[in-house]
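Everything below belongs to model_21.cif, which stores mmCIF, C-alpha atoms.
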data_model
#
loop_
_atom_site.label_atom_id
_atom_site.label_comp_id
_atom_site.auth_asym_id
_atom_site.auth_seq_id
_atom_site.Cartn_x
_atom_site.Cartn_y
_atom_site.Cartn_z
CA MET A 1304 -6.42 -18.00 14.08
CA SER A 1305 -9.90 -17.80 12.53
CA MET A 1306 -11.67 -14.53 11.89
CA ALA A 1307 -14.90 -13.83 13.70
CA SER A 1308 -17.81 -14.15 11.26
CA ASN A 1309 -18.90 -10.52 11.64
CA SER A 1310 -15.33 -9.33 11.01
CA PHE A 1311 -15.07 -11.45 7.85
CA HIS A 1312 -18.46 -10.22 6.64
CA GLN A 1313 -17.41 -6.60 7.07
CA ARG A 1314 -14.15 -7.22 5.25
CA LEU A 1315 -15.99 -8.95 2.42
CA ILE A 1316 -18.29 -5.92 2.09
CA THR A 1317 -15.21 -3.65 2.06
CA SER A 1318 -13.68 -5.79 -0.68
CA GLN A 1319 -16.84 -5.51 -2.75
CA ILE A 1320 -16.82 -1.72 -2.31
CA HIS A 1321 -13.22 -1.55 -3.53
CA SER A 1322 -14.17 -3.73 -6.49
CA ARG A 1323 -16.95 -1.31 -7.52
CA ASN A 1324 -14.90 1.88 -7.19
CA GLN A 1325 -14.24 3.69 -10.44
CA ARG A 1326 -10.89 5.19 -11.38
CA ASP A 1327 -10.15 8.44 -9.56
CA PRO A 1328 -11.50 11.28 -11.77
CA GLU A 1329 -8.37 13.42 -11.37
CA LEU A 1330 -6.21 10.51 -12.43
CA GLU A 1331 -8.55 9.79 -15.35
CA LYS A 1332 -8.25 13.37 -16.53
CA LEU A 1333 -4.47 13.26 -16.26
CA LEU A 1334 -4.31 10.06 -18.29
CA SER A 1335 -6.33 11.70 -21.06
CA THR A 1336 -3.47 14.12 -21.71
CA GLY A 1337 -1.20 11.33 -22.96
CA PRO A 1338 0.20 7.89 -22.16
CA TRP A 1339 2.37 7.16 -19.14
CA PRO A 1340 5.81 5.57 -19.48
CA ASP A 1341 5.12 1.88 -19.96
CA PRO A 1342 8.22 -0.10 -20.93
CA PRO A 1343 7.77 -3.87 -21.18
CA PHE A 1344 9.40 -5.78 -18.33
CA THR A 1345 10.71 -8.26 -20.91
CA ASP A 1346 13.39 -5.79 -22.00
CA ILE A 1347 15.58 -5.70 -18.89
CA PRO A 1348 18.32 -3.40 -20.24
CA GLN A 1349 15.70 -0.86 -21.36
CA CYS A 1350 13.88 -0.97 -18.02
CA ARG A 1351 17.09 -0.57 -16.06
CA GLY A 1352 18.22 2.24 -18.33
CA ILE A 1353 14.97 4.14 -17.86
CA SER A 1354 15.10 3.57 -14.09
CA ASP A 1355 18.69 4.82 -13.84
CA TYR A 1356 17.84 7.82 -16.02
CA ALA A 1357 14.87 8.65 -13.78
CA ASP A 1358 16.98 8.29 -10.63
CA ASP A 1359 19.58 10.64 -12.12
CA LEU A 1360 16.88 13.20 -12.97
CA LEU A 1361 15.41 12.93 -9.49
CA THR A 1362 18.81 13.43 -7.90
CA LYS A 1363 19.48 16.52 -10.03
CA THR A 1364 16.00 17.92 -9.37
CA LEU A 1365 16.32 17.51 -5.60
CA GLY A 1366 19.79 19.08 -5.58
CA GLN A 1367 22.03 19.24 -2.54
CA PRO A 1368 20.70 18.10 0.84
CA PRO A 1369 19.06 20.79 2.98
CA THR A 1370 21.05 22.73 5.54
CA GLY A 1371 21.72 20.59 8.59
CA ILE A 1372 21.42 17.30 6.69
CA GLN A 1373 24.33 15.32 5.35
CA GLU A 1374 24.60 12.34 3.03
CA GLU A 1375 27.36 9.77 2.84
CA THR A 1376 27.91 6.34 1.35
CA TYR A 1377 28.75 3.15 3.22
CA ASN A 1378 30.01 -0.07 1.67
CA ILE A 1379 28.51 -2.97 3.62
CA PRO A 1380 29.62 -6.57 2.99
CA THR A 1381 26.66 -8.91 2.68
CA SER A 1382 26.55 -12.51 1.51
CA GLY A 1383 29.14 -14.01 -0.78
CA SER A 1384 31.25 -11.42 -2.57
CA TYR A 1385 28.55 -8.74 -2.85
CA ILE A 1386 29.05 -5.38 -1.15
CA SER A 1387 25.96 -3.24 -0.64
CA THR A 1388 26.34 0.44 -1.46
CA ALA A 1389 24.18 2.16 1.13
CA LEU A 1390 23.23 5.83 1.19
CA LEU A 1391 23.02 7.31 4.68
CA THR A 1392 21.00 10.49 5.22
CA ARG A 1393 21.31 11.96 8.71
CA PRO A 1394 21.36 15.19 10.69
CA ALA A 1395 24.77 16.83 10.77
CA PRO A 1396 27.10 15.66 13.56
CA GLY A 1397 26.43 17.39 16.83
CA SER A 1398 22.73 16.59 16.85
CA ASN A 1399 21.31 14.31 19.50
CA PRO A 1400 20.99 10.73 18.20
CA GLY A 1401 17.54 10.00 16.81
CA PRO A 1402 15.69 7.01 15.38
CA LEU A 1403 17.32 4.54 13.00
CA ILE A 1404 15.39 3.87 9.78
CA VAL A 1405 16.37 1.35 7.09
CA LEU A 1406 14.53 1.83 3.77
CA ILE A 1407 14.57 -0.68 0.89
CA HIS A 1408 14.13 0.75 -2.60
CA PRO A 1409 11.48 -0.43 -5.10
CA GLY A 1410 12.07 -1.81 -8.58
CA GLY A 1411 10.24 -5.09 -9.09
CA PHE A 1412 13.17 -7.06 -7.63
CA PHE A 1413 15.19 -6.46 -10.83
CA LEU A 1414 16.11 -2.76 -10.98
CA GLY A 1415 16.36 0.49 -9.02
CA SER A 1416 18.77 2.20 -6.64
CA PRO A 1417 18.87 3.83 -3.20
CA ALA A 1418 18.56 7.20 -4.97
CA LYS A 1419 14.83 6.49 -5.45
CA LEU A 1420 14.40 6.98 -1.71
CA THR A 1421 16.16 10.33 -1.34
CA MET A 1422 12.83 12.19 -1.47
CA TYR A 1423 11.74 10.24 1.64
CA ALA A 1424 15.06 9.98 3.47
CA ARG A 1425 15.75 13.71 3.60
CA PRO A 1426 12.38 14.70 5.13
CA LEU A 1427 12.60 11.80 7.61
CA ALA A 1428 16.02 13.02 8.72
CA GLN A 1429 14.74 16.61 9.00
CA LEU A 1430 11.39 15.98 10.63
CA PHE A 1431 12.30 13.18 13.03
CA ASN A 1432 16.05 13.73 13.52
CA ALA A 1433 16.48 10.25 12.04
CA SER A 1434 19.41 8.47 10.47
CA VAL A 1435 18.08 6.84 7.30
CA LEU A 1436 20.07 4.05 5.63
CA CYS A 1437 19.09 2.98 2.08
CA PRO A 1438 21.05 -0.06 0.87
CA SER A 1439 21.49 -1.59 -2.55
CA TYR A 1440 20.98 -5.32 -3.13
CA ARG A 1441 21.47 -7.88 -5.87
CA PHE A 1442 18.87 -8.09 -8.63
CA ALA A 1443 16.95 -10.85 -10.32
CA PRO A 1444 17.11 -12.59 -12.73
CA GLU A 1445 20.89 -12.75 -12.39
CA HIS A 1446 20.40 -13.30 -8.66
CA ALA A 1447 16.99 -14.82 -8.00
CA PHE A 1448 15.28 -15.27 -4.63
CA PRO A 1449 16.52 -15.12 -1.91
CA ALA A 1450 19.73 -13.29 -2.88
CA GLY A 1451 18.35 -9.74 -2.73
CA VAL A 1452 16.45 -10.12 0.52
CA GLU A 1453 19.43 -11.88 2.12
CA ASP A 1454 21.55 -8.86 1.17
CA ALA A 1455 18.96 -6.61 2.79
CA TRP A 1456 18.96 -8.79 5.92
CA ALA A 1457 22.74 -8.49 6.16
CA THR A 1458 22.53 -4.69 5.90
CA LEU A 1459 19.78 -4.58 8.54
CA GLN A 1460 21.95 -6.61 10.92
CA TRP A 1461 24.90 -4.35 10.16
CA ALA A 1462 22.80 -1.24 10.83
CA ALA A 1463 21.62 -2.66 14.15
CA SER A 1464 25.18 -3.20 15.32
CA HIS A 1465 26.51 0.11 13.95
CA ALA A 1466 23.68 2.43 15.04
CA SER A 1467 25.94 4.71 17.06
CA GLU A 1468 28.31 5.12 14.10
CA LEU A 1469 25.30 6.09 11.99
CA GLY A 1470 24.34 8.79 14.49
CA ALA A 1471 21.27 6.92 15.71
CA ASP A 1472 19.79 5.66 18.96
CA PRO A 1473 17.48 2.69 18.26
CA ALA A 1474 15.87 3.21 21.66
CA ARG A 1475 14.14 6.17 19.99
CA GLY A 1476 12.87 3.87 17.25
CA PHE A 1477 14.25 1.27 14.84
CA LEU A 1478 12.09 1.14 11.73
CA VAL A 1479 12.25 -0.87 8.52
CA GLY A 1480 10.44 0.33 5.41
CA GLY A 1481 10.26 -0.06 1.68
CA ILE A 1482 8.01 0.59 -1.30
CA SER A 1483 6.46 -2.08 -3.56
CA SER A 1484 9.08 -4.85 -3.88
CA GLY A 1485 10.95 -2.99 -1.14
CA ALA A 1486 7.82 -3.31 1.01
CA ASN A 1487 7.97 -7.07 0.48
CA PHE A 1488 11.55 -7.02 1.77
CA ALA A 1489 10.63 -4.78 4.70
CA VAL A 1490 7.85 -7.04 5.97
CA ALA A 1491 9.89 -10.19 5.43
CA LEU A 1492 12.85 -8.67 7.27
CA THR A 1493 10.65 -7.61 10.15
CA ARG A 1494 9.36 -11.15 10.56
CA ARG A 1495 12.91 -12.55 10.39
CA ALA A 1496 14.12 -9.95 12.90
CA VAL A 1497 11.44 -11.09 15.33
CA GLU A 1498 12.12 -14.79 14.80
CA ALA A 1499 15.91 -14.34 14.98
CA GLY A 1500 15.72 -12.12 18.06
CA LEU A 1501 17.57 -9.21 16.43
CA ARG A 1502 18.90 -6.72 18.96
CA PRO A 1503 18.12 -3.92 19.19
CA PRO A 1504 14.63 -4.97 18.07
CA VAL A 1505 12.80 -3.52 15.10
CA THR A 1506 10.00 -1.33 16.50
CA GLY A 1507 7.90 -0.68 13.39
CA THR A 1508 7.45 -1.25 9.66
CA TRP A 1509 6.32 0.91 6.73
CA ALA A 1510 5.08 -1.12 3.73
CA PRO A 1511 3.23 0.88 1.05
CA ILE A 1512 1.83 -0.97 -2.02
CA PHE A 1513 3.07 -4.27 -0.57
CA MET A 1514 3.28 -7.25 -2.92
CA GLY A 1515 3.90 -10.82 -1.83
CA LEU A 1516 0.77 -12.98 -2.18
CA ASN A 1517 1.49 -13.81 -5.79
CA GLU A 1518 -0.84 -16.82 -5.99
CA GLU A 1519 -3.82 -18.18 -4.09
CA ASP A 1520 -1.76 -20.86 -2.36
CA ALA A 1521 0.25 -18.08 -0.69
CA VAL A 1522 -2.87 -16.90 1.14
CA PRO A 1523 -4.02 -18.52 4.40
CA ASP A 1524 -7.35 -20.33 3.98
CA ASP A 1525 -9.27 -17.83 6.12
CA TYR A 1526 -8.51 -15.03 3.64
CA LYS A 1527 -8.63 -16.67 0.21
CA ARG A 1528 -12.10 -15.28 -0.59
CA LEU A 1529 -10.73 -11.77 -0.14
CA LEU A 1530 -8.12 -12.17 -2.89
CA THR A 1531 -9.87 -10.65 -5.91
CA SER A 1532 -7.64 -7.80 -7.10
CA HIS A 1533 -5.28 -10.03 -9.10
CA GLU A 1534 -8.12 -10.85 -11.46
CA GLN A 1535 -10.11 -7.64 -11.14
CA HIS A 1536 -7.09 -5.46 -11.96
CA ARG A 1537 -5.19 -7.80 -14.26
CA ASP A 1538 -5.07 -4.92 -16.77
CA ALA A 1539 -3.97 -2.36 -14.18
CA LEU A 1540 -1.80 0.63 -14.96
CA VAL A 1541 1.94 0.47 -14.20
CA ILE A 1542 1.99 -3.27 -13.35
CA ASP A 1543 -0.56 -5.53 -15.04
CA ALA A 1544 -0.84 -9.31 -14.86
CA GLY A 1545 1.62 -9.81 -17.72
CA LYS A 1546 4.29 -7.65 -16.10
CA ALA A 1547 3.69 -9.30 -12.74
CA ALA A 1548 4.16 -12.76 -14.30
CA THR A 1549 7.43 -11.61 -15.87
CA MET A 1550 8.58 -10.14 -12.55
CA TRP A 1551 7.85 -13.37 -10.67
CA GLU A 1552 9.60 -15.37 -13.37
CA TYR A 1553 12.71 -13.24 -12.83
CA TYR A 1554 12.59 -13.34 -9.03
CA LYS A 1555 11.46 -16.99 -8.61
CA PRO A 1556 10.16 -16.59 -5.05
CA MET A 1557 9.07 -19.46 -2.81
CA ILE A 1558 5.57 -18.92 -1.44
CA LYS A 1559 6.27 -21.16 1.55
CA SER A 1560 9.25 -19.06 2.61
CA PRO A 1561 8.63 -16.22 5.08
CA LEU A 1562 11.47 -14.37 3.34
CA PHE A 1563 8.96 -13.80 0.53
CA ASN A 1564 5.53 -14.49 1.99
CA PRO A 1565 5.19 -13.01 5.49
CA LEU A 1566 2.05 -15.12 6.03
CA ALA A 1567 3.79 -18.41 5.28
CA PRO A 1568 3.24 -20.98 8.04
CA PRO A 1569 4.11 -21.54 10.77
CA LEU A 1570 2.87 -18.24 12.15
CA GLY A 1571 3.96 -18.84 15.72
CA ASP A 1572 5.88 -15.56 16.14
CA ILE A 1573 3.78 -13.32 13.93
CA SER A 1574 1.89 -11.97 16.94
CA ALA A 1575 5.20 -10.58 18.22
CA MET A 1576 5.72 -8.42 15.13
CA PRO A 1577 5.86 -4.68 15.82
CA LYS A 1578 3.32 -2.15 14.63
CA MET A 1579 2.95 -1.76 10.88
CA PHE A 1580 1.82 1.06 8.60
CA LEU A 1581 0.35 -0.08 5.28
CA GLN A 1582 -0.76 2.08 2.33
CA VAL A 1583 -2.87 0.37 -0.34
CA ALA A 1584 -3.92 1.58 -3.80
CA GLY A 1585 -7.47 0.61 -4.71
CA HIS A 1586 -6.84 -0.06 -8.42
CA ASP A 1587 -3.53 -1.85 -7.85
CA LEU A 1588 -3.12 -5.46 -8.97
CA PHE A 1589 -1.63 -6.01 -5.50
CA ARG A 1590 -4.37 -4.21 -3.55
CA ASP A 1591 -5.48 -7.35 -1.76
CA ASP A 1592 -1.92 -8.39 -0.91
CA GLY A 1593 -1.80 -5.35 1.37
CA LEU A 1594 -5.34 -5.71 2.70
CA ILE A 1595 -4.98 -9.40 3.53
CA LEU A 1596 -1.62 -8.76 5.21
CA ALA A 1597 -3.24 -6.04 7.32
CA TYR A 1598 -6.19 -8.27 8.28
CA ALA A 1599 -4.00 -11.26 9.16
CA LEU A 1600 -1.72 -9.17 11.34
CA GLN A 1601 -4.69 -7.57 13.09
CA ASP A 1602 -6.18 -11.00 13.73
CA HIS A 1603 -2.92 -12.02 15.41
CA GLY A 1604 -2.93 -8.98 17.67
CA VAL A 1605 -0.46 -6.81 15.74
CA GLU A 1606 -1.16 -3.06 15.76
CA VAL A 1607 -1.80 -1.95 12.17
CA LYS A 1608 -2.42 1.47 10.63
CA LEU A 1609 -4.09 0.99 7.23
CA GLU A 1610 -4.78 3.66 4.62
CA VAL A 1611 -6.54 2.83 1.33
CA TYR A 1612 -6.62 5.17 -1.68
CA PRO A 1613 -9.58 4.32 -3.94
CA GLY A 1614 -9.40 4.41 -7.71
CA VAL A 1615 -5.64 4.79 -8.10
CA CYS A 1616 -2.90 2.47 -9.33
CA HIS A 1617 0.49 1.22 -8.25
CA SER A 1618 2.94 4.09 -7.52
CA PHE A 1619 0.26 6.66 -8.39
CA TRP A 1620 1.76 9.41 -6.20
CA VAL A 1621 5.01 9.23 -8.18
CA PHE A 1622 3.41 9.49 -11.61
CA ALA A 1623 0.59 11.85 -10.62
CA PRO A 1624 1.89 14.02 -7.76
CA SER A 1625 -0.59 16.84 -8.37
CA ILE A 1626 -3.83 14.93 -7.68
CA LYS A 1627 -5.53 15.16 -4.29
CA LEU A 1628 -5.00 11.51 -3.39
CA SER A 1629 -1.26 11.86 -4.03
CA LYS A 1630 -1.11 14.85 -1.71
CA LYS A 1631 -2.99 12.85 0.91
CA PHE A 1632 -0.64 9.90 0.40
CA VAL A 1633 2.53 11.89 1.09
CA ARG A 1634 0.92 13.61 4.08
CA ASP A 1635 -0.08 10.18 5.37
CA ILE A 1636 3.53 8.98 5.08
CA VAL A 1637 4.64 11.60 7.60
CA GLU A 1638 1.68 10.91 9.89
CA GLY A 1639 2.39 7.19 9.60
CA PHE A 1640 6.03 7.59 10.61
CA ALA A 1641 4.99 9.78 13.52
CA TRP A 1642 2.63 6.99 14.58
CA LEU A 1643 5.35 4.36 14.22
CA LEU A 1644 7.70 6.47 16.33
CA GLY A 1645 5.08 7.36 18.93
CA VAL A 1646 5.33 11.12 18.41
CA SER A 1647 2.83 13.81 17.47
CA THR A 1648 2.86 15.78 14.22
CA ASP A 1649 2.11 18.87 16.33
CA GLY A 1650 5.81 19.21 17.08
CA LEU A 1651 7.01 18.90 13.49
CA SER A 1652 8.41 21.79 11.51
CA PRO A 1653 6.02 23.82 9.30
CA GLY A 1654 5.38 22.38 5.86
CA TRP A 1655 5.61 18.75 6.95
CA GLU A 1656 2.38 17.97 5.07
CA THR A 1657 4.13 18.34 1.70
CA ALA A 1658 7.67 17.40 2.73
CA MET A 1659 7.62 14.20 0.68
CA MET A 1660 5.91 15.55 -2.41
CA MET A 1661 7.30 14.03 -5.59
CA PRO A 1662 8.73 16.63 -7.98
CA SER A 1663 7.24 16.47 -11.46
CA ILE A 1664 9.69 14.65 -13.71
CA LYS A 1665 8.75 13.54 -17.21
CA ILE A 1666 10.31 10.28 -18.32
CA ASP A 1667 10.57 9.33 -22.00
CA ASP A 1668 10.36 5.53 -22.32
CA SER A 1669 11.20 5.48 -26.02
CA PRO A 1670 14.11 3.18 -26.90
CA LYS A 1671 17.48 4.83 -26.58
CA ALA A 1672 19.68 4.94 -29.64
#
Can you dump the structure from the file as structure tokens?
Amino acid sequence: MSMASNSFHQRLITSQIHSRNQRDPELEKLLSTGPWPDPPFTDIPQCRGISDYADDLLTKTLGQPPTGIQEETYNIPTSGSYISTALLTRPAPGSNPGPLIVLIHPGGFFLGSPAKLTMYARPLAQLFNASVLCPSYRFAPEHAFPAGVEDAWATLQWAASHASELGADPARGFLVGGISSGANFAVALTRRAVEAGLRPPVTGTWAPIFMGLNEEDAVPDDYKRLLTSHEQHRDALVIDAGKAATMWEYYKPMIKSPLFNPLAPPLGDISAMPKMFLQVAGHDLFRDDGLILAYALQDHGVEVKLEVYPGVCHSFWVFAPSIKLSKKFVRDIVEGFAWLLGVSTDGLSPGWETAMMMPSIKIDDSPKA
């Protein structure tokens, strides 16, 4: 489906505006106080150690779940001999069943844990009476593409068939979400769910800082001119071009597979995808991955909510929770989920605007003895 010329022109102007934006001044000031953790992706044990340490600190900082919310672990068989350890966060038994949400954790396809998502799962359970399942999956490079996403697909299927056991009613909403590499999984799983006719059907997707158009050949011809962020932000904070190359070398994705590239042809069923909420960082190497995905879905008739945060980098709200754009980002998450579920924020409990604020945790990336 070709874009109308006026639509393409407007998007090209928008791309040029993003390209001229300077780094957010609050973020710039914060960076001047000292370097951020920046371990090289080439040292996998170090990266995984830092990630696990951070997850442990986050878990300790958040403490026990709030009153009325319970957490439990499920062991879900996936493909081969792997068993996914999934963390379920849900309202205490006795509550009316609410939406079912499956969230996929970030980590560049080679590290991370469901604990990274606790700060999102608990507020989602509280605010929307949702059951939130966060599964683990196999990592690259030991298990390259498509092992991890196939594990996630198996857990999504399991969740769909065990919704009642999880305290959920998918008729009130069945959402898939993930951050960064988890966003890649979430969008890919949504497309597969549509094409495979998963029942109950997925009703919406959350995909902040999506990555998945790792080279020009992954982009449909109509949108190639809009892919500029990979070069413009090759020296970006958090993930630069060198780290991205290492990550792709570990994961070894196939750009022609819709399990990695949601815009891989044929696009026959893409118009049947449910509504999607995308959050894009303006100084992210992967900025245009998210923008192009949003534009392509819109051009195929999919309802898209798109929020762009100028002058900030990948995962900025985690590393810089005190800046204004981070506060907007976490507020937008709640508003985005309300939109996906078709409810108003007017009925949410007080304080919802900051419910997903990242606690300040300082991580030391120096080598461990």
Discussion item. Nearest residue to Leu1414 (chain A) out of A:Gln1429, A:Ala1455, A:Arg1351, A:Ala1447, using all atoms listed in the file?
Written reply: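 The shortest atom-to-atom distance to Leu1414 (chain A) comes from A:Arg1351.
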Worksheet item: Can you list, as a PyMOL selection string, every protein, DNA or RNA residue that comes within 8 Å of Pro1561 (chain A) when you count all atoms listed in the file, leaving out same-chain residues fewer than 3 positions away?
Response: chain A and resi 1491+1494-1495+1558+1564-1568
Item to complete: Go through A:Gln1349, A:Lys1555, A:Lys1363, A:Gly1645 one by one, measure the shortest atom-to-atom distance of each to Gly1476 (chain A) using all atoms listed in the file, and give the residue with the smallest value.
Response: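 Between A:Gln1349, A:Lys1555, A:Lys1363, A:Gly1645, the residue approaching Gly1476 (chain A) most closely is A:Gly1645.
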Worksheet entry | Selected residue, from A:Leu1365, A:Ile1316, A:Leu1600, A:Leu1588, that lies nearest to Pro1662 (chain A) when counting all atoms listed in the file |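 Of A:Leu1365, A:Ile1316, A:Leu1600, A:Leu1588, the one nearest Pro1662 (chain A) is A:Leu1365, counting all atoms listed in the file.
Restricting the calculation to only C-alpha atoms, the smallest distance between Phe1563 (chain A) and any of A:Asp1602, A:Asp1649, A:Glu1453, A:Asp1543 is found for A:Glu1453.
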Discussion item. Running the PyMOL selection byres ((chain A and resi 1425) around 9) on this model by hand, what would come out? Give it as a list in words.
Written reply: Pro1368, Pro1369, Ile1372, Gln1373, Glu1374, Thr1392, Arg1393, Leu1420, Thr1421, Met1422, Tyr1423, Ala1424, Pro1426, Leu1427, Ala1428, Gln1429, Leu1430, Val1435, Ala1658 and Met1659 of chain A
Please produce a file of the residues just selected, as a PDB file, in the coordinates of the input, where the atoms kept are C-alpha atoms.
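Listing of selection-v4.pdb after writing:
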ATOM      1  CA  PRO A1368      20.700  18.100   0.840  1.00  0.00           C
ATOM      2  CA  PRO A1369      19.060  20.790   2.980  1.00  0.00           C
ATOM      3  CA  ILE A1372      21.420  17.300   6.690  1.00  0.00           C
ATOM      4  CA  GLN A1373      24.330  15.320   5.350  1.00  0.00           C
ATOM      5  CA  GLU A1374      24.600  12.340   3.030  1.00  0.00           C
ATOM      6  CA  THR A1392      21.000  10.490   5.220  1.00  0.00           C
ATOM      7  CA  ARG A1393      21.310  11.960   8.710  1.00  0.00           C
ATOM      8  CA  LEU A1420      14.400   6.980  -1.710  1.00  0.00           C
ATOM      9  CA  THR A1421      16.160  10.330  -1.340  1.00  0.00           C
ATOM     10  CA  MET A1422      12.830  12.190  -1.470  1.00  0.00           C
ATOM     11  CA  TYR A1423      11.740  10.240   1.640  1.00  0.00           C
ATOM     12  CA  ALA A1424      15.060   9.980   3.470  1.00  0.00           C
ATOM     13  CA  PRO A1426      12.380  14.700   5.130  1.00  0.00           C
ATOM     14  CA  LEU A1427      12.600  11.800   7.610  1.00  0.00           C
ATOM     15  CA  ALA A1428      16.020  13.020   8.720  1.00  0.00           C
ATOM     16  CA  GLN A1429      14.740  16.610   9.000  1.00  0.00           C
ATOM     17  CA  LEU A1430      11.390  15.980  10.630  1.00  0.00           C
ATOM     18  CA  VAL A1435      18.080   6.840   7.300  1.00  0.00           C
ATOM     19  CA  ALA A1658       7.670  17.400   2.730  1.00  0.00           C
ATOM     20  CA  MET A1659       7.620  14.200   0.680  1.00  0.00           C
TER      21      MET A1659
END
Compile the contact shell of Ala1389 (chain A) as a PDB file with C-alpha atoms, in the frame of the given file: residues with an atom at most 7 Å away, counting all atoms listed in the file, same-chain residues fewer than 4 positions apart removed.
ATOM      1  CA  THR A1376      27.910   6.340   1.350  1.00  0.00           C
ATOM      2  CA  TYR A1377      28.750   3.150   3.220  1.00  0.00           C
ATOM      3  CA  ASN A1378      30.010  -0.070   1.670  1.00  0.00           C
ATOM      4  CA  LEU A1436      20.070   4.050   5.630  1.00  0.00           C
ATOM      5  CA  CYS A1437      19.090   2.980   2.080  1.00  0.00           C
ATOM      6  CA  PRO A1438      21.050  -0.060   0.870  1.00  0.00           C
ATOM      7  CA  SER A1439      21.490  -1.590  -2.550  1.00  0.00           C
TER       8      SER A1439
END
Item to complete: For the structure provided, state which residues fall under the PyMOL selection byres ((chain A and resi 1327) around 9), and present them as an MDAnalysis selection string.
Response: chainID A and resid 1324:1326 1328:1332 1613:1615 1628
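Closest to Tyr1356 (chain A) among A:Ser1416, A:Ser1532, A:Thr1506, A:Ser1652 is A:Ser1416, based on all atoms listed in the file.
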Worksheet item: Which residue, A:Leu1651, A:Ala1584, A:Val1621, A:Cys1616, has the smallest gap to Val1637 (chain A) when you use only C-alpha atoms?
Response: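 Checking each candidate against Val1637 (chain A), we get A:Leu1651 as the closest.
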Discussion item. Report, in Å to a single decimal, how far apart CA of Lys1527 (chain A) and CA of Glu1552 (chain A) are.
Written reply: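 Taking CA of Glu1552 (chain A) and CA of Lys1527 (chain A), their separation equals 22.8 Å.
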Once the PyMOL selection byres ((chain A and resi 1480-1489) around 7) has been evaluated on this model, what residues remain selected, and can you format them as a CSV table (one decimal) with C-alpha atoms, in the coordinates of the input?
chain,number,residue,atom,x,y,z
A,1405,VAL,CA,16.4,1.4,7.1
A,1406,LEU,CA,14.5,1.8,3.8
A,1407,ILE,CA,14.6,-0.7,0.9
A,1408,HIS,CA,14.1,0.8,-2.6
A,1409,PRO,CA,11.5,-0.4,-5.1
A,1410,GLY,CA,12.1,-1.8,-8.6
A,1411,GLY,CA,10.2,-5.1,-9.1
A,1412,PHE,CA,13.2,-7.1,-7.6
A,1452,VAL,CA,16.4,-10.1,0.5
A,1478,LEU,CA,12.1,1.1,11.7
A,1479,VAL,CA,12.2,-0.9,8.5
A,1490,VAL,CA,7.8,-7.0,6.0
A,1491,ALA,CA,9.9,-10.2,5.4
A,1492,LEU,CA,12.8,-8.7,7.3
A,1493,THR,CA,10.6,-7.6,10.2
A,1508,THR,CA,7.4,-1.2,9.7
A,1509,TRP,CA,6.3,0.9,6.7
A,1510,ALA,CA,5.1,-1.1,3.7
A,1511,PRO,CA,3.2,0.9,1.0
A,1512,ILE,CA,1.8,-1.0,-2.0
A,1513,PHE,CA,3.1,-4.3,-0.6
A,1514,MET,CA,3.3,-7.2,-2.9
A,1515,GLY,CA,3.9,-10.8,-1.8
A,1563,PHE,CA,9.0,-13.8,0.5
Practice prompt. Could you tell me how far CA of Gly1371 (chain A) lies from CA of Phe1632 (chain A), in Å and to one decimal?
Written response: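 Going from CA of Gly1371 (chain A) over to CA of Phe1632 (chain A) covers 26.1 Å.
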